[in-house]
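Written out below as structure tokens is the structure these notes cover.
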Amino acid sequence: MEIDAMYENLGICKKVLDFGKKIEDNLKDRFQEIDENAEYNQMKVIKAMQDNRVSDIHFAATTGYGYNDLGRDTLEDVYASVFHTESALVRPNLISGTHALSIALSGNLRPGDELLSPAGKPYDTLEEVIGIRESTGSLKEYGVIYRQVDLLPNGTFDYESIKKAINERTKLITIQRSKGYDTRPTFSVSQIGELIAFVKEIKPDVICMVDNCYGEFVERMEPSDVGADMIVGSLIKNPGGGLAPIGGYIAGKTECIDKASYRLTAPGLGKEVGASLGLNQAFYQGLFLSPTVVAGALKGAVFAANVYEKLGFQVVPNGSESRHDIIQAVTFGNPEGVIAFCQGIQAAAPVDSFVSPEPWDMPGYDAPVIMAAGAFVQGSSIELSADGPIKPPYAVYFQGGLTWYHAKLGILMSLQKLLDAGLVQI
């Protein structure tokens with residue numbers, strides 16, 4: 001077949017291709033469900049844009065202080081409409097998910113306040129933000145107390161311990177939706193809603209913030225639909241649709257968003273300043289494309305789960321579980337498997353496919369990390385990418401793919417590299 005010849009030209013042998021075809025043939029019902037959710041979320045985004053009367057005037061660039069940036073302000077109204085929140089902060093100077101979370105936390109916490117994580121240790125890069133690992137400018141340096149409640153062995157919330165941990169100083173509860181560099185299950189929106197309701201019953205005025213990275217548009221609801229006071233994410237992940245070259249968002253209650261904006265700019269200025277520098281069109285169009293792009297990434301994740309589960313590896317989620325983010329974890333148990341997998345993802349990239357990734361000491365992490373991402377936007381993990389720390393249990397975390405076809409190629413190429421290295425047999 002002509003399509004088979006194209007894959008072979010890209011380096012995929014017939015054995016790998018045939019193995020992948022058998023897996024794909026059994027996923028038609030799953031893929032249809034993903035497409036139906038994407039259609040729902042696409043209509044939700046279009047409705048938000050129409051309700052806020054988006055026009056080409058909103059794509060105009062502003063410079064300097066950015067006063068009266070109509071495009072920026074309308075984009076934030078669109079995000080508030082999409083996520084059903086009172087307000088939103090959507091800015092290019094929120095440079096990453098970690099930065100957006102740092103701004104949300106530092107804007108809403110004061111010396112003596114307590115920050116509680118009921119989902120165990122947060123993502124590695126937040127450890128220095130909080131002060132779990134000592135770092136200049138951490139919340140700990142400013143007198144914010146941190147406590148955490150570890151998950152139960154089955155990956156669910158320890159409600160009894162959470163109840164005991166909440167006290168008069170508990171100001172903000174942070175819930176990380178996705179797994180980070182862990183092999184626990186990702187929390188569903190429903191699970192997050194149950195936790196928020198439980199917490200609010202104990203202390204109604206506590207702020208519940210959800211790290212929504214990798215989760216946007218995977219389900220039909222978002223954490224803000226089930227009581228979250230703030231949801232936070234990166235535009236070079238799901239909601240940027242692969243077009244946003246930078247940026248992050250914080251959406252939620254007006255009081256919380258205003259406080260975050262004063263930390264992002266300056267007290268007294270807040271949301272009123274911040275030029276969009278000609279990036280608005282990419283932000284609007286990326287959001288428009290996001291539900292479809294997320295659907296492609298989800299299909300790739302489901303395909304990866306089924307491929308590697310069939311080969312006997314531990315995968316989270318497994319091949320048949322419901323999906324609540326775009327990340328697929330595969331545990332190899334050795335560094336060679338993680339490295340070969342990432343080298344396969346890199347070899348399937350449209351950019352820098354000739355580069356062979358190696359582990360290195362990245363800032364913010366406590367172990368060498370390998371990252372594969374031949375992306376149009378540096379660090380964009382809605383594009384085909386894979387990464388993982390080189391430490392036990394030696395798991396790799398795969399995500400992204402602006403199209404299903406690219407995600408499929410990446411998984412087949414990762415399998416090809418593992419096969420060539422003698423690390424798997426099919």
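Labels used: A, B, ... for chains in the order of the structure tokens, numbers from 1 for residues in each chain, and numbers from 1 for ligands as shown.
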Which residues of segment 345-393 of chain A sit at most 10 Å from segment 164-182 of chain A, using only C-alpha atoms? Give each one's shortest atom pair and distance in Å (one decimal place), in chain and ascending residue order, as CSV.
residue,atom,partner,partner_atom,distance
A:Asp387,CA,A:Tyr181,CA,9.1
A:Gly388,CA,A:Tyr181,CA,6.9
A:Pro389,CA,A:Tyr181,CA,7.5
A:Pro393,CA,A:Asp182,CA,9.3
May I have the selected residues written with C-alpha atoms, as a compact mmCIF listing (two decimals), in the first residue's frame?
# COMPACT_ATOMS: atom_id res chain seq x y z
CA ASP A 387 10.15 13.46 28.79
CA GLY A 388 11.02 11.90 32.09
CA PRO A 389 13.50 12.00 34.98
CA PRO A 393 10.87 3.77 38.42
Notebook entry, point to check: Which parts of segment 127-177 of chain A does DSSP call strand (DSSP E or B) when run on the backbone here, written out as number ranges by chain?
Noted result: A: 145-148, 170-176
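The nearest approach to Gly240 of chain A among the residues A:Gly286, A:Gly278, A:Gly107, A:Pro363, with only C-alpha atoms taken into account, belongs to A:Gly286.
Distances from A:Pro239, A:Gly270, A:Gly319, A:Gly247 to Phe303 of chain A were compared using only C-alpha atoms, and the smallest one belongs to A:Gly319.
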Checklist line | Residue neighbourhood Arg110 of chain A, 8 Å, only C-alpha atoms, exclusion window fewer than 5 positions, as a PyMOL selection string | finding: chain A and resi 142-144
Save out the residues we just selected, C-alpha atoms, as a PDB file, in the first residue's frame.
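Output saved as part14.pdb:
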ATOM      1  CA  TYR A 142       7.874  35.114  52.594  1.00  0.00           C
ATOM      2  CA  GLY A 143       6.451  33.247  55.569  1.00  0.00           C
ATOM      3  CA  VAL A 144       3.943  30.993  53.822  1.00  0.00           C
TER       4      VAL A 144
END
Next item on the list: Select from segment 235-408 of chain A everything DSSP, run on the backbone, classes as alpha helix (DSSP H), then give the selection as a count of residues only.
Entry: 60
Within 10 Å of Val377 of chain A, counting only C-alpha atoms, which residues show up once you throw out same-chain ones fewer than 4 positions away? Write them as a PDB file with C-alpha atoms, in the first residue's frame, please.
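Generated file (selection.pdb):
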ATOM      1  CA  ILE A 236       1.852  26.202  25.114  1.00  0.00           C
ATOM      2  CA  GLY A 242      -0.175  24.760  19.080  1.00  0.00           C
ATOM      3  CA  LEU A 243      -0.317  28.364  17.805  1.00  0.00           C
ATOM      4  CA  ALA A 244       0.359  30.324  20.989  1.00  0.00           C
ATOM      5  CA  PRO A 245       4.127  30.991  21.102  1.00  0.00           C
ATOM      6  CA  ILE A 246       4.114  31.746  24.841  1.00  0.00           C
ATOM      7  CA  VAL A 351      11.785  20.055  13.606  1.00  0.00           C
ATOM      8  CA  ALA A 373      10.391  17.798  21.504  1.00  0.00           C
ATOM      9  CA  SER A 381       4.001  20.027  25.167  1.00  0.00           C
ATOM     10  CA  ILE A 382       0.786  20.148  23.156  1.00  0.00           C
ATOM     11  CA  GLU A 383       3.136  19.337  20.296  1.00  0.00           C
TER      12      GLU A 383
END
Could you build a table of the residues in segment 2-116 of chain A lying no more than 10 Å from segment 207-225 of chain A, giving for each the nearest pair of atoms and their separation in Å rounded to one decimal place, using only C-alpha atoms, ordered by chain and ascending residue number, as CSV?
residue,atom,partner,partner_atom,distance
A:Ile34,CA,A:Val218,CA,8.2
A:Glu36,CA,A:Arg220,CA,9.8
A:Asn37,CA,A:Arg220,CA,6.3
A:Ala38,CA,A:Phe217,CA,7.3
A:Glu39,CA,A:Arg220,CA,9.8
A:Tyr40,CA,A:Arg220,CA,7.0
A:Asn41,CA,A:Phe217,CA,6.3
A:Gln42,CA,A:Phe217,CA,8.9
A:Lys44,CA,A:Arg220,CA,9.1
A:Val45,CA,A:Phe217,CA,9.9
A:Ala80,CA,A:Ser224,CA,9.9
A:Val82,CA,A:Glu222,CA,9.3
A:Phe83,CA,A:Ser224,CA,6.3
A:His84,CA,A:Asp225,CA,6.6
A:Thr85,CA,A:Ser224,CA,6.7
A:Gly97,CA,A:Cys213,CA,7.0
A:Thr98,CA,A:Asp211,CA,9.3
A:Ala100,CA,A:Asp211,CA,9.4
A:Leu101,CA,A:Asp211,CA,7.2
A:Ala104,CA,A:Met209,CA,8.5
A:Leu105,CA,A:Met209,CA,8.6
A:Asn108,CA,A:Ile207,CA,8.6
A:Leu109,CA,A:Ile207,CA,9.8
A:Leu115,CA,A:Ile207,CA,9.7
A:Leu116,CA,A:Cys208,CA,9.7
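For the choices A:Leu27, A:Ala340, A:Val54, A:Leu89, the atom-to-atom distance to Arg263 of chain A is smallest for A:Leu89 when using only C-alpha atoms.
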Non-local contacts of Asp158 of chain A (10 Å; only C-alpha atoms; under 6 positions in same chain excluded) as an mmCIF file with N, CA and C atoms, in the first residue's frame:
data_model
loop_
_atom_site.group_PDB
_atom_site.id
_atom_site.type_symbol
_atom_site.label_atom_id
_atom_site.label_comp_id
_atom_site.auth_asym_id
_atom_site.auth_seq_id
_atom_site.Cartn_x
_atom_site.Cartn_y
_atom_site.Cartn_z
ATOM 1 N N PRO A 118 -3.524 18.508 49.053
ATOM 2 C CA PRO A 118 -4.135 17.240 49.470
ATOM 3 C C PRO A 118 -3.844 16.097 48.502
ATOM 4 N N ALA A 119 -2.973 16.357 47.514
ATOM 5 C CA ALA A 119 -2.656 15.344 46.494
ATOM 6 C C ALA A 119 -1.183 14.964 46.534
ATOM 7 N N GLY A 120 -0.571 15.121 47.704
ATOM 8 C CA GLY A 120 0.838 14.782 47.827
ATOM 9 C C GLY A 120 1.739 15.857 47.247
ATOM 10 N N VAL A 149 -0.865 16.390 52.243
ATOM 11 C CA VAL A 149 -1.449 15.109 52.625
ATOM 12 C C VAL A 149 -1.227 14.164 51.457
ATOM 13 N N ASP A 150 -0.516 13.092 51.704
ATOM 14 C CA ASP A 150 -0.235 12.146 50.625
ATOM 15 C C ASP A 150 -1.485 11.378 50.231
ATOM 16 N N LEU A 151 -1.497 10.936 48.989
ATOM 17 C CA LEU A 151 -2.611 10.134 48.505
ATOM 18 C C LEU A 151 -2.592 8.751 49.142
ATOM 19 N N LEU A 152 -3.738 8.100 49.144
ATOM 20 C CA LEU A 152 -3.808 6.711 49.591
ATOM 21 C C LEU A 152 -3.090 5.813 48.577
ATOM 22 N N LEU A 195 -13.703 16.618 46.026
ATOM 23 C CA LEU A 195 -12.722 17.107 46.990
ATOM 24 C C LEU A 195 -13.021 18.554 47.375
#
Note to self: So that I can see what lies close to Val16 of chain A, please list as a ChimeraX atom specification the residues with an atom at most 9 Å from it, counting only C-alpha atoms and leaving out residues fewer than 3 positions away in the same chain.
What the structure shows: /A:12-13,19-21,412-413,415-416,419,426
Margin query: Please compute the atom CA of Leu289 of chain A-atom CA of Leu75 of chain A distance, one decimal, in Å.
Written below: 14.7 Å
Next item on the list: For atom CA of Leu126 of chain A and atom CA of Ser106 of chain A, determine how far apart the two atoms are, in Å to one decimal place.
Entry: 12.1 Å
